[in-house]
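Colleague: Sharing final-v5.csv (CSV, N, CA and C atoms) below.
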chain,number,residue,atom,x,y,z
A,1,MET,N,0.8,-1.2,0.0
A,1,MET,CA,0.0,0.0,0.0
A,1,MET,C,0.9,1.2,0.0
A,2,LYS,N,0.5,2.2,-0.8
A,2,LYS,CA,1.3,3.4,-0.9
A,2,LYS,C,1.1,4.3,0.3
A,3,THR,N,2.1,5.1,0.6
A,3,THR,CA,2.0,6.0,1.7
A,3,THR,C,1.2,7.2,1.2
A,4,MET,N,0.3,7.7,2.0
A,4,MET,CA,-0.4,8.9,1.6
A,4,MET,C,-0.2,10.0,2.7
A,5,ASN,N,-0.2,11.2,2.2
A,5,ASN,CA,0.0,12.3,3.1
A,5,ASN,C,-1.4,12.8,3.6
A,6,ILE,N,-2.1,12.0,4.4
A,6,ILE,CA,-3.4,12.4,4.9
A,6,ILE,C,-3.2,13.4,6.0
A,7,ASN,N,-3.9,14.6,5.8
A,7,ASN,CA,-3.8,15.6,6.8
A,7,ASN,C,-5.0,15.6,7.7
A,8,PRO,N,-4.9,15.4,9.0
A,8,PRO,CA,-6.0,15.3,9.9
A,8,PRO,C,-6.9,16.5,9.9
A,9,GLU,N,-6.3,17.7,9.6
A,9,GLU,CA,-7.1,18.9,9.5
A,9,GLU,C,-8.2,18.8,8.4
A,10,VAL,N,-7.8,18.1,7.3
A,10,VAL,CA,-8.8,17.9,6.2
A,10,VAL,C,-9.9,17.0,6.6
A,11,ASP,N,-9.5,15.9,7.4
A,11,ASP,CA,-10.6,15.0,7.9
A,11,ASP,C,-11.5,15.8,8.8
A,12,THR,N,-11.0,16.6,9.7
A,12,THR,CA,-11.9,17.4,10.6
A,12,THR,C,-12.7,18.3,9.8
A,13,TYR,N,-12.2,19.0,8.8
A,13,TYR,CA,-12.9,19.9,8.0
A,13,TYR,C,-14.1,19.2,7.3
A,14,LEU,N,-13.8,18.1,6.7
A,14,LEU,CA,-14.8,17.4,5.9
A,14,LEU,C,-16.0,16.9,6.9
A,15,GLU,N,-15.6,16.4,8.0
A,15,GLU,CA,-16.6,16.0,9.0
A,15,GLU,C,-17.5,17.2,9.4
A,16,SER,N,-16.9,18.4,9.6
A,16,SER,CA,-17.6,19.5,10.1
A,16,SER,C,-18.5,20.1,9.0
A,17,LYS,N,-18.2,19.9,7.7
A,17,LYS,CA,-19.0,20.4,6.6
A,17,LYS,C,-20.3,19.7,6.4
A,18,ASN,N,-20.3,18.4,6.7
A,18,ASN,CA,-21.5,17.7,6.4
A,18,ASN,C,-22.1,17.8,5.0
A,19,HIS,N,-21.1,17.8,4.0
A,19,HIS,CA,-21.4,18.0,2.6
A,19,HIS,C,-22.2,16.7,2.1
A,20,PRO,N,-23.2,17.0,1.2
A,20,PRO,CA,-23.9,15.8,0.6
A,20,PRO,C,-23.1,14.9,-0.2
A,21,MET,N,-21.9,15.3,-0.7
A,21,MET,CA,-21.1,14.5,-1.5
A,21,MET,C,-19.8,14.1,-0.8
A,22,THR,N,-19.8,14.0,0.5
A,22,THR,CA,-18.6,13.7,1.3
A,22,THR,C,-17.9,12.4,0.8
A,23,ALA,N,-18.7,11.4,0.6
A,23,ALA,CA,-18.1,10.1,0.2
A,23,ALA,C,-17.4,10.3,-1.1
A,24,GLU,N,-17.9,11.0,-2.0
A,24,GLU,CA,-17.3,11.3,-3.3
A,24,GLU,C,-16.1,12.1,-3.2
A,25,ILE,N,-16.1,13.1,-2.4
A,25,ILE,CA,-15.0,14.0,-2.1
A,25,ILE,C,-13.8,13.2,-1.5
A,26,ARG,N,-14.2,12.3,-0.6
A,26,ARG,CA,-13.1,11.4,0.0
A,26,ARG,C,-12.5,10.5,-1.1
A,27,ALA,N,-13.3,10.0,-2.0
A,27,ALA,CA,-12.8,9.1,-3.0
A,27,ALA,C,-11.9,9.9,-4.0
A,28,VAL,N,-12.2,11.1,-4.4
A,28,VAL,CA,-11.3,11.9,-5.2
A,28,VAL,C,-10.0,12.2,-4.5
A,29,ARG,N,-10.2,12.6,-3.2
A,29,ARG,CA,-9.0,12.9,-2.4
A,29,ARG,C,-8.1,11.7,-2.3
A,30,ARG,N,-8.6,10.5,-2.0
A,30,ARG,CA,-7.8,9.3,-1.9
A,30,ARG,C,-7.0,9.0,-3.2
A,31,ILE,N,-7.7,9.2,-4.4
A,31,ILE,CA,-7.0,8.9,-5.7
A,31,ILE,C,-5.9,9.9,-5.8
A,32,ILE,N,-6.1,11.1,-5.5
A,32,ILE,CA,-5.0,12.1,-5.7
A,32,ILE,C,-3.8,11.8,-4.8
A,33,LEU,N,-4.1,11.6,-3.5
A,33,LEU,CA,-3.0,11.3,-2.6
A,33,LEU,C,-2.3,10.0,-2.9
A,34,GLU,N,-3.0,9.0,-3.4
A,34,GLU,CA,-2.4,7.7,-3.7
A,34,GLU,C,-1.5,7.8,-5.0
A,35,THR,N,-1.8,8.7,-5.8
A,35,THR,CA,-1.1,8.8,-7.1
A,35,THR,C,0.4,9.1,-6.9
A,36,ASP,N,0.7,9.9,-6.0
A,36,ASP,CA,2.1,10.3,-5.7
A,36,ASP,C,2.3,10.6,-4.3
A,37,ASP,N,3.2,10.0,-3.6
A,37,ASP,CA,3.4,10.3,-2.2
A,37,ASP,C,4.0,11.6,-1.8
A,38,ARG,N,4.3,12.4,-2.9
A,38,ARG,CA,4.8,13.8,-2.6
A,38,ARG,C,3.6,14.8,-2.6
A,39,MET,N,2.5,14.3,-3.0
A,39,MET,CA,1.3,15.2,-3.0
A,39,MET,C,0.9,15.5,-1.6
A,40,LEU,N,0.6,16.7,-1.3
A,40,LEU,CA,0.2,17.1,0.1
A,40,LEU,C,-1.2,17.7,0.0
A,41,GLU,N,-1.9,17.8,1.2
A,41,GLU,CA,-3.2,18.4,1.2
A,41,GLU,C,-3.2,19.4,2.4
A,42,VAL,N,-3.8,20.5,2.3
A,42,VAL,CA,-4.0,21.5,3.3
A,42,VAL,C,-5.4,22.1,3.2
A,43,ILE,N,-5.8,22.9,4.2
A,43,ILE,CA,-7.0,23.7,4.1
A,43,ILE,C,-6.5,25.1,3.7
A,44,LYS,N,-6.9,25.5,2.5
A,44,LYS,CA,-6.6,26.8,2.0
A,44,LYS,C,-7.8,27.4,1.3
A,45,TRP,N,-8.0,28.7,1.4
A,45,TRP,CA,-9.2,29.3,0.8
A,45,TRP,C,-10.5,28.6,1.3
A,46,SER,N,-10.5,28.2,2.6
A,46,SER,CA,-11.6,27.5,3.2
A,46,SER,C,-12.0,26.2,2.4
A,47,SER,N,-11.0,25.5,1.9
A,47,SER,CA,-11.3,24.3,1.1
A,47,SER,C,-10.1,23.4,1.1
A,48,PRO,N,-10.3,22.1,1.1
A,48,PRO,CA,-9.2,21.1,0.9
A,48,PRO,C,-8.5,21.5,-0.4
A,49,THR,N,-7.2,21.6,-0.3
A,49,THR,CA,-6.3,22.0,-1.4
A,49,THR,C,-5.2,21.0,-1.5
A,50,PHE,N,-4.9,20.6,-2.8
A,50,PHE,CA,-3.8,19.7,-3.0
A,50,PHE,C,-2.6,20.5,-3.6
A,51,MET,N,-1.4,20.1,-3.0
A,51,MET,CA,-0.2,20.9,-3.3
A,51,MET,C,1.0,20.0,-3.7
A,52,TYR,N,1.7,20.4,-4.6
A,52,TYR,CA,3.1,19.9,-4.9
A,52,TYR,C,3.8,21.0,-5.6
A,53,LYS,N,4.8,21.6,-4.9
A,53,LYS,CA,5.6,22.8,-5.4
A,53,LYS,C,4.6,23.8,-5.9
A,54,GLY,N,3.6,24.1,-5.2
A,54,GLY,CA,2.5,25.1,-5.6
A,54,GLY,C,1.2,24.5,-5.4
A,55,ASN,N,0.1,25.3,-5.6
A,55,ASN,CA,-1.3,24.8,-5.4
A,55,ASN,C,-1.7,24.2,-6.7
A,56,MET,N,-2.0,22.9,-6.6
A,56,MET,CA,-2.5,22.2,-7.8
A,56,MET,C,-4.0,22.3,-8.0
A,57,ALA,N,-4.8,22.0,-7.0
A,57,ALA,CA,-6.2,22.0,-7.1
A,57,ALA,C,-6.9,22.1,-5.8
A,58,SER,N,-8.1,22.7,-5.8
A,58,SER,CA,-8.9,22.8,-4.6
A,58,SER,C,-10.4,22.4,-4.9
A,59,PHE,N,-11.0,21.8,-3.9
A,59,PHE,CA,-12.4,21.4,-4.0
A,59,PHE,C,-13.2,22.7,-4.0
A,60,PHE,N,-14.2,22.8,-4.8
A,60,PHE,CA,-15.2,23.9,-4.8
A,60,PHE,C,-16.4,23.4,-3.9
A,61,MET,N,-16.3,23.8,-2.7
A,61,MET,CA,-17.3,23.2,-1.7
A,61,MET,C,-18.7,23.6,-1.8
A,62,ASN,N,-19.0,24.7,-2.6
A,62,ASN,CA,-20.3,25.2,-2.8
A,62,ASN,C,-21.1,24.3,-3.7
A,63,ALA,N,-20.5,23.5,-4.6
A,63,ALA,CA,-21.2,22.6,-5.4
A,63,ALA,C,-21.8,21.5,-4.5
A,64,LYS,N,-23.0,21.2,-4.7
A,64,LYS,CA,-23.7,20.2,-3.8
A,64,LYS,C,-24.2,19.0,-4.5
A,65,LYS,N,-24.3,19.0,-5.9
A,65,LYS,CA,-24.9,17.9,-6.6
A,65,LYS,C,-23.8,17.1,-7.4
A,66,PHE,N,-22.6,17.6,-7.3
A,66,PHE,CA,-21.4,16.9,-7.9
A,66,PHE,C,-20.2,17.4,-7.2
A,67,VAL,N,-19.1,16.7,-7.4
A,67,VAL,CA,-17.8,17.2,-6.8
A,67,VAL,C,-17.1,18.0,-7.9
A,68,SER,N,-16.7,19.2,-7.5
A,68,SER,CA,-16.0,20.1,-8.4
A,68,SER,C,-14.6,20.4,-7.9
A,69,LEU,N,-13.6,20.1,-8.7
A,69,LEU,CA,-12.2,20.2,-8.3
A,69,LEU,C,-11.6,21.2,-9.3
A,70,MET,N,-11.2,22.4,-8.7
A,70,MET,CA,-10.6,23.5,-9.5
A,70,MET,C,-9.1,23.3,-9.6
A,71,PHE,N,-8.6,23.1,-10.8
A,71,PHE,CA,-7.1,23.1,-11.0
A,71,PHE,C,-6.7,24.5,-11.3
A,72,HIS,N,-6.0,25.1,-10.4
A,72,HIS,CA,-5.7,26.6,-10.5
A,72,HIS,C,-4.9,27.0,-11.7
A,73,LYS,N,-4.1,26.1,-12.2
A,73,LYS,CA,-3.3,26.4,-13.4
A,73,LYS,C,-3.5,25.4,-14.5
A,74,GLY,N,-4.8,24.9,-14.5
A,74,GLY,CA,-5.1,23.8,-15.4
A,74,GLY,C,-4.9,24.1,-16.8
A,75,ALA,N,-5.0,25.4,-17.2
A,75,ALA,CA,-4.9,25.8,-18.6
A,75,ALA,C,-3.4,25.6,-19.1
A,76,LEU,N,-2.5,25.6,-18.1
A,76,LEU,CA,-1.1,25.4,-18.5
A,76,LEU,C,-0.7,23.9,-18.5
A,77,MET,N,-1.6,23.1,-18.1
A,77,MET,CA,-1.2,21.6,-18.1
A,77,MET,C,-1.6,21.0,-19.4
A,78,ASN,N,-0.8,20.0,-19.8
A,78,ASN,CA,-1.0,19.2,-21.0
A,78,ASN,C,-2.0,18.1,-20.6
A,79,ASP,N,-3.3,18.4,-20.6
A,79,ASP,CA,-4.3,17.4,-20.2
A,79,ASP,C,-4.7,16.6,-21.5
A,80,THR,N,-4.2,15.5,-21.7
A,80,THR,CA,-4.6,14.7,-22.9
A,80,THR,C,-5.8,13.8,-22.6
A,81,THR,N,-6.3,13.8,-21.4
A,81,THR,CA,-7.4,13.0,-21.0
A,81,THR,C,-8.8,13.6,-21.2
A,82,GLY,N,-8.8,14.9,-21.3
A,82,GLY,CA,-10.1,15.6,-21.5
A,82,GLY,C,-10.9,15.7,-20.2
A,83,LEU,N,-10.2,15.4,-19.1
A,83,LEU,CA,-10.8,15.6,-17.8
A,83,LEU,C,-11.1,17.0,-17.4
A,84,LEU,N,-10.2,17.9,-17.7
A,84,LEU,CA,-10.3,19.3,-17.3
A,84,LEU,C,-11.1,20.1,-18.3
A,85,GLU,N,-12.1,20.8,-17.7
A,85,GLU,CA,-13.1,21.6,-18.5
A,85,GLU,C,-12.9,23.1,-18.2
A,86,GLY,N,-13.3,23.9,-19.2
A,86,GLY,CA,-13.4,25.3,-19.0
A,86,GLY,C,-12.4,26.0,-20.0
A,87,ASP,N,-12.6,27.3,-20.0
A,87,ASP,CA,-11.8,28.1,-21.0
A,87,ASP,C,-11.3,29.4,-20.3
A,88,GLY,N,-11.2,29.4,-19.0
A,88,GLY,CA,-10.6,30.5,-18.2
A,88,GLY,C,-9.2,30.7,-18.6
A,89,LYS,N,-8.6,31.8,-18.2
A,89,LYS,CA,-7.2,32.2,-18.5
A,89,LYS,C,-6.3,31.2,-17.9
A,90,GLU,N,-6.5,30.7,-16.7
A,90,GLU,CA,-5.6,29.8,-16.0
A,90,GLU,C,-6.4,28.5,-15.5
A,91,GLY,N,-7.5,28.7,-14.9
A,91,GLY,CA,-8.2,27.6,-14.2
A,91,GLY,C,-8.9,26.7,-15.1
A,92,ARG,N,-9.0,25.4,-14.6
A,92,ARG,CA,-9.8,24.4,-15.3
A,92,ARG,C,-10.5,23.6,-14.2
A,93,VAL,N,-11.6,23.0,-14.5
A,93,VAL,CA,-12.4,22.2,-13.5
A,93,VAL,C,-12.6,20.8,-13.9
A,94,ALA,N,-12.5,19.9,-12.9
A,94,ALA,CA,-12.8,18.5,-13.1
A,94,ALA,C,-14.1,18.2,-12.3
A,95,ARG,N,-15.1,17.6,-13.0
A,95,ARG,CA,-16.4,17.4,-12.3
A,95,ARG,C,-16.6,15.9,-12.2
A,96,PHE,N,-17.1,15.5,-11.0
A,96,PHE,CA,-17.4,14.1,-10.7
A,96,PHE,C,-18.8,14.0,-10.2
A,97,GLU,N,-19.7,13.2,-10.9
A,97,GLU,CA,-21.1,13.1,-10.6
A,97,GLU,C,-21.4,12.1,-9.5
A,98,SER,N,-20.6,11.1,-9.4
A,98,SER,CA,-21.0,9.9,-8.5
A,98,SER,C,-19.7,9.1,-8.2
A,99,LEU,N,-19.8,8.2,-7.3
A,99,LEU,CA,-18.7,7.3,-7.1
A,99,LEU,C,-18.3,6.5,-8.3
A,100,GLU,N,-19.4,6.1,-9.1
A,100,GLU,CA,-19.2,5.3,-10.3
A,100,GLU,C,-18.4,6.2,-11.3
A,101,ASP,N,-18.8,7.5,-11.4
A,101,ASP,CA,-18.2,8.4,-12.3
A,101,ASP,C,-16.7,8.6,-11.9
A,102,ILE,N,-16.4,8.7,-10.6
A,102,ILE,CA,-15.1,8.9,-10.1
A,102,ILE,C,-14.2,7.7,-10.5
A,103,GLU,N,-14.8,6.5,-10.4
A,103,GLU,CA,-14.0,5.3,-10.8
A,103,GLU,C,-13.7,5.3,-12.3
A,104,LYS,N,-14.7,5.7,-13.1
A,104,LYS,CA,-14.5,5.8,-14.5
A,104,LYS,C,-13.4,6.8,-14.9
A,105,LYS,N,-13.3,7.9,-14.1
A,105,LYS,CA,-12.3,8.9,-14.4
A,105,LYS,C,-11.0,8.8,-13.6
A,106,LYS,N,-10.9,7.7,-12.9
A,106,LYS,CA,-9.7,7.6,-12.0
A,106,LYS,C,-8.4,7.7,-12.7
A,107,GLU,N,-8.2,7.0,-13.8
A,107,GLU,CA,-7.0,7.0,-14.6
A,107,GLU,C,-6.7,8.4,-15.1
A,108,SER,N,-7.7,9.1,-15.6
A,108,SER,CA,-7.6,10.4,-16.1
A,108,SER,C,-7.1,11.4,-15.0
A,109,LEU,N,-7.7,11.2,-13.8
A,109,LEU,CA,-7.3,12.1,-12.7
A,109,LEU,C,-5.9,11.8,-12.3
A,110,GLN,N,-5.5,10.6,-12.3
A,110,GLN,CA,-4.1,10.2,-11.9
A,110,GLN,C,-3.2,10.8,-13.0
A,111,GLY,N,-3.6,10.8,-14.2
A,111,GLY,CA,-2.8,11.3,-15.3
A,111,GLY,C,-2.6,12.8,-15.2
A,112,VAL,N,-3.6,13.5,-14.8
A,112,VAL,CA,-3.5,15.0,-14.6
A,112,VAL,C,-2.6,15.3,-13.4
A,113,VAL,N,-2.7,14.5,-12.3
A,113,VAL,CA,-1.9,14.7,-11.1
A,113,VAL,C,-0.4,14.5,-11.5
A,114,ARG,N,-0.1,13.4,-12.3
A,114,ARG,CA,1.2,13.1,-12.7
A,114,ARG,C,1.8,14.3,-13.6
A,115,GLU,N,0.9,14.8,-14.5
A,115,GLU,CA,1.3,15.9,-15.4
A,115,GLU,C,1.6,17.1,-14.6
A,116,TRP,N,0.9,17.4,-13.5
A,116,TRP,CA,1.2,18.6,-12.7
A,116,TRP,C,2.6,18.4,-12.0
A,117,ILE,N,2.9,17.2,-11.5
A,117,ILE,CA,4.2,16.9,-10.9
A,117,ILE,C,5.3,17.1,-11.9
A,118,LYS,N,5.1,16.5,-13.1
A,118,LYS,CA,6.1,16.6,-14.1
A,118,LYS,C,6.3,18.1,-14.5
A,119,MET,N,5.3,18.8,-14.6
A,119,MET,CA,5.4,20.3,-15.0
A,119,MET,C,6.1,21.0,-13.9
A,120,GLN,N,5.9,20.7,-12.6
A,120,GLN,CA,6.5,21.4,-11.5
A,120,GLN,C,8.0,21.0,-11.4
A,121,ASP,N,8.3,19.9,-11.8
A,121,ASP,CA,9.7,19.4,-11.7
A,121,ASP,C,10.6,19.8,-12.9
A,122,THR,N,10.0,20.4,-13.9
A,122,THR,CA,10.9,20.8,-15.0
A,122,THR,C,11.3,22.3,-14.9
What is this structure when it is put down as structure tokens?

Modeller:
Amino acid sequence: MKTMNINPEVDTYLESKNHPMTAEIRAVRRIILETDDRMLEVIKWSSPTFMYKGNMASFFMNAKKFVSLMFHKGALMNDTTGLLEGDGKEGRVARFESLEDIEKKKESLQGVVREWIKMQDT
């Protein structure tokens, strides 16, 4: 089993939010943290945020019917998976509708995380 950088502050935050998509948020979180053991998570901008040599992505906690994950510099990433949506100057969003949808998009999400790490290391 891979080492994951689970931050207890994020666990506490998710428990306190009582979000209708908590199980789905936890599933996305686990996939990101399992992808590379250098990935960290913090609470930033009142949201769980994933970091590796900078802010990679944050959950948009106001979305209640799906999981919305904002990639802050997603436009700069080479996303060959089609996971990232939007046409903002820098940001892109990944949406997950259900646990089944998350499982379908797992490899794409892992690919985007790896691309972020590669981009930050060059």

Colleague: Within 7 Å of (-9.5, 26.6, -4.2) (coordinates as in the file), grab all the protein and nucleic acid residues, counting only N, CA and C atoms, and write them out as a list in words.

Modeller: Lys44, Trp45, Ser47, Pro48, Thr49, Ala57, Ser58, Phe59, Phe60 and Met70 of chain A

Colleague: Any chance you could list, as a list in words, the residues in chain A that come up strand (DSSP E or B) when DSSP is run on the backbone?

Modeller: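 Matching residues, listed in order: Leu40, Glu41, Val42, Ile43, Lys44, Ser47, Pro48, Thr49, Phe50, Met51, Asn55, Met56, Ala57, Ser58, Phe59, Val67, Ser68, Leu69, Met70, Phe71, Glu85, Arg92, Val93, Ala94, Arg95 and Phe96 of chain A.
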
Colleague: Just the number, please: distance in Å from atom N of Met21 in chain A to atom C of Val93 in chain A, one decimal.

Modeller: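 A separation of 17.1 Å between them.
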
Colleague: When DSSP is applied to the backbone of this structure, which of chain A are assigned alpha helix (DSSP H)? Write them out as a PyMOL selection string.

Modeller: chain A and resi 8-17+22-35+99-104+106-121

Colleague: Since we have the selection now, will you write its residues out, keeping N, CA and C atoms, as a short mmCIF file (atom, residue, chain, number, x, y, z; two decimals), keeping the file's coordinate frame?

Modeller:
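This is the output file again14.cif:
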data_model
loop_
_atom_site.label_atom_id
_atom_site.label_comp_id
_atom_site.auth_asym_id
_atom_site.auth_seq_id
_atom_site.Cartn_x
_atom_site.Cartn_y
_atom_site.Cartn_z
N PRO A 8 -4.90 15.40 9.00
CA PRO A 8 -6.00 15.30 9.90
C PRO A 8 -6.90 16.50 9.90
N GLU A 9 -6.30 17.70 9.60
CA GLU A 9 -7.10 18.90 9.50
C GLU A 9 -8.20 18.80 8.40
N VAL A 10 -7.80 18.10 7.30
CA VAL A 10 -8.80 17.90 6.20
C VAL A 10 -9.90 17.00 6.60
N ASP A 11 -9.50 15.90 7.40
CA ASP A 11 -10.60 15.00 7.90
C ASP A 11 -11.50 15.80 8.80
N THR A 12 -11.00 16.60 9.70
CA THR A 12 -11.90 17.40 10.60
C THR A 12 -12.70 18.30 9.80
N TYR A 13 -12.20 19.00 8.80
CA TYR A 13 -12.90 19.90 8.00
C TYR A 13 -14.10 19.20 7.30
N LEU A 14 -13.80 18.10 6.70
CA LEU A 14 -14.80 17.40 5.90
C LEU A 14 -16.00 16.90 6.90
N GLU A 15 -15.60 16.40 8.00
CA GLU A 15 -16.60 16.00 9.00
C GLU A 15 -17.50 17.20 9.40
N SER A 16 -16.90 18.40 9.60
CA SER A 16 -17.60 19.50 10.10
C SER A 16 -18.50 20.10 9.00
N LYS A 17 -18.20 19.90 7.70
CA LYS A 17 -19.00 20.40 6.60
C LYS A 17 -20.30 19.70 6.40
N THR A 22 -19.80 14.00 0.50
CA THR A 22 -18.60 13.70 1.30
C THR A 22 -17.90 12.40 0.80
N ALA A 23 -18.70 11.40 0.60
CA ALA A 23 -18.10 10.10 0.20
C ALA A 23 -17.40 10.30 -1.10
N GLU A 24 -17.90 11.00 -2.00
CA GLU A 24 -17.30 11.30 -3.30
C GLU A 24 -16.10 12.10 -3.20
N ILE A 25 -16.10 13.10 -2.40
CA ILE A 25 -15.00 14.00 -2.10
C ILE A 25 -13.80 13.20 -1.50
N ARG A 26 -14.20 12.30 -0.60
CA ARG A 26 -13.10 11.40 0.00
C ARG A 26 -12.50 10.50 -1.10
N ALA A 27 -13.30 10.00 -2.00
CA ALA A 27 -12.80 9.10 -3.00
C ALA A 27 -11.90 9.90 -4.00
N VAL A 28 -12.20 11.10 -4.40
CA VAL A 28 -11.30 11.90 -5.20
C VAL A 28 -10.00 12.20 -4.50
N ARG A 29 -10.20 12.60 -3.20
CA ARG A 29 -9.00 12.90 -2.40
C ARG A 29 -8.10 11.70 -2.30
N ARG A 30 -8.60 10.50 -2.00
CA ARG A 30 -7.80 9.30 -1.90
C ARG A 30 -7.00 9.00 -3.20
N ILE A 31 -7.70 9.20 -4.40
CA ILE A 31 -7.00 8.90 -5.70
C ILE A 31 -5.90 9.90 -5.80
N ILE A 32 -6.10 11.10 -5.50
CA ILE A 32 -5.00 12.10 -5.70
C ILE A 32 -3.80 11.80 -4.80
N LEU A 33 -4.10 11.60 -3.50
CA LEU A 33 -3.00 11.30 -2.60
C LEU A 33 -2.30 10.00 -2.90
N GLU A 34 -3.00 9.00 -3.40
CA GLU A 34 -2.40 7.70 -3.70
C GLU A 34 -1.50 7.80 -5.00
N THR A 35 -1.80 8.70 -5.80
CA THR A 35 -1.10 8.80 -7.10
C THR A 35 0.40 9.10 -6.90
N LEU A 99 -19.80 8.20 -7.30
CA LEU A 99 -18.70 7.30 -7.10
C LEU A 99 -18.30 6.50 -8.30
N GLU A 100 -19.40 6.10 -9.10
CA GLU A 100 -19.20 5.30 -10.30
C GLU A 100 -18.40 6.20 -11.30
N ASP A 101 -18.80 7.50 -11.40
CA ASP A 101 -18.20 8.40 -12.30
C ASP A 101 -16.70 8.60 -11.90
N ILE A 102 -16.40 8.70 -10.60
CA ILE A 102 -15.10 8.90 -10.10
C ILE A 102 -14.20 7.70 -10.50
N GLU A 103 -14.80 6.50 -10.40
CA GLU A 103 -14.00 5.30 -10.80
C GLU A 103 -13.70 5.30 -12.30
N LYS A 104 -14.70 5.70 -13.10
CA LYS A 104 -14.50 5.80 -14.50
C LYS A 104 -13.40 6.80 -14.90
N LYS A 106 -10.90 7.70 -12.90
CA LYS A 106 -9.70 7.60 -12.00
C LYS A 106 -8.40 7.70 -12.70
N GLU A 107 -8.20 7.00 -13.80
CA GLU A 107 -7.00 7.00 -14.60
C GLU A 107 -6.70 8.40 -15.10
N SER A 108 -7.70 9.10 -15.60
CA SER A 108 -7.60 10.40 -16.10
C SER A 108 -7.10 11.40 -15.00
N LEU A 109 -7.70 11.20 -13.80
CA LEU A 109 -7.30 12.10 -12.70
C LEU A 109 -5.90 11.80 -12.30
N GLN A 110 -5.50 10.60 -12.30
CA GLN A 110 -4.10 10.20 -11.90
C GLN A 110 -3.20 10.80 -13.00
N GLY A 111 -3.60 10.80 -14.20
CA GLY A 111 -2.80 11.30 -15.30
C GLY A 111 -2.60 12.80 -15.20
N VAL A 112 -3.60 13.50 -14.80
CA VAL A 112 -3.50 15.00 -14.60
C VAL A 112 -2.60 15.30 -13.40
N VAL A 113 -2.70 14.50 -12.30
CA VAL A 113 -1.90 14.70 -11.10
C VAL A 113 -0.40 14.50 -11.50
N ARG A 114 -0.10 13.40 -12.30
CA ARG A 114 1.20 13.10 -12.70
C ARG A 114 1.80 14.30 -13.60
N GLU A 115 0.90 14.80 -14.50
CA GLU A 115 1.30 15.90 -15.40
C GLU A 115 1.60 17.10 -14.60
N TRP A 116 0.90 17.40 -13.50
CA TRP A 116 1.20 18.60 -12.70
C TRP A 116 2.60 18.40 -12.00
N ILE A 117 2.90 17.20 -11.50
CA ILE A 117 4.20 16.90 -10.90
C ILE A 117 5.30 17.10 -11.90
N LYS A 118 5.10 16.50 -13.10
CA LYS A 118 6.10 16.60 -14.10
C LYS A 118 6.30 18.10 -14.50
N MET A 119 5.30 18.80 -14.60
CA MET A 119 5.40 20.30 -15.00
C MET A 119 6.10 21.00 -13.90
N GLN A 120 5.90 20.70 -12.60
CA GLN A 120 6.50 21.40 -11.50
C GLN A 120 8.00 21.00 -11.40
N ASP A 121 8.30 19.90 -11.80
CA ASP A 121 9.70 19.40 -11.70
C ASP A 121 10.60 19.80 -12.90
#

Colleague: Dump as JSON lines the rows for residues of range 37-56 of chain A within 8 Å of range 110-122 of chain A: closest atom pair and distance in Å with one decimal, all atoms listed in the file counted, ordered by chain and rising residue number.

Modeller:
{"residue": "A:Tyr52", "atom": "C", "partner": "A:Gln120", "partner_atom": "CA", "distance": 6.5}
{"residue": "A:Lys53", "atom": "CA", "partner": "A:Gln120", "partner_atom": "CA", "distance": 6.3}
{"residue": "A:Gly54", "atom": "N", "partner": "A:Gln120", "partner_atom": "CA", "distance": 7.4}
{"residue": "A:Met56", "atom": "CA", "partner": "A:Trp116", "partner_atom": "CA", "distance": 7.1}

Colleague: Using only C-alpha atoms for the distances, tell me which of A:Ile25, A:Leu84, A:Ile31, A:Leu109 is nearest to Tyr13 in chain A.

Modeller: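 Closest residue, counting only C-alpha atoms: A:Ile25.
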
Colleague: Counting only C-alpha atoms, which of A:Ala94, A:Ala27, A:Val67, A:Met4 gets nearest to Asp79 in chain A?

Modeller: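 Of A:Ala94, A:Ala27, A:Val67, A:Met4, the one nearest Asp79 in chain A is A:Ala94, counting only C-alpha atoms.
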
Colleague: Taking only C-alpha atoms into account, which of A:Ser68, A:Ser98, A:Ser108, A:Asn7 comes nearest Gly82 in chain A?

Modeller: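 Of all the options, A:Ser108 lies closest to Gly82 in chain A.
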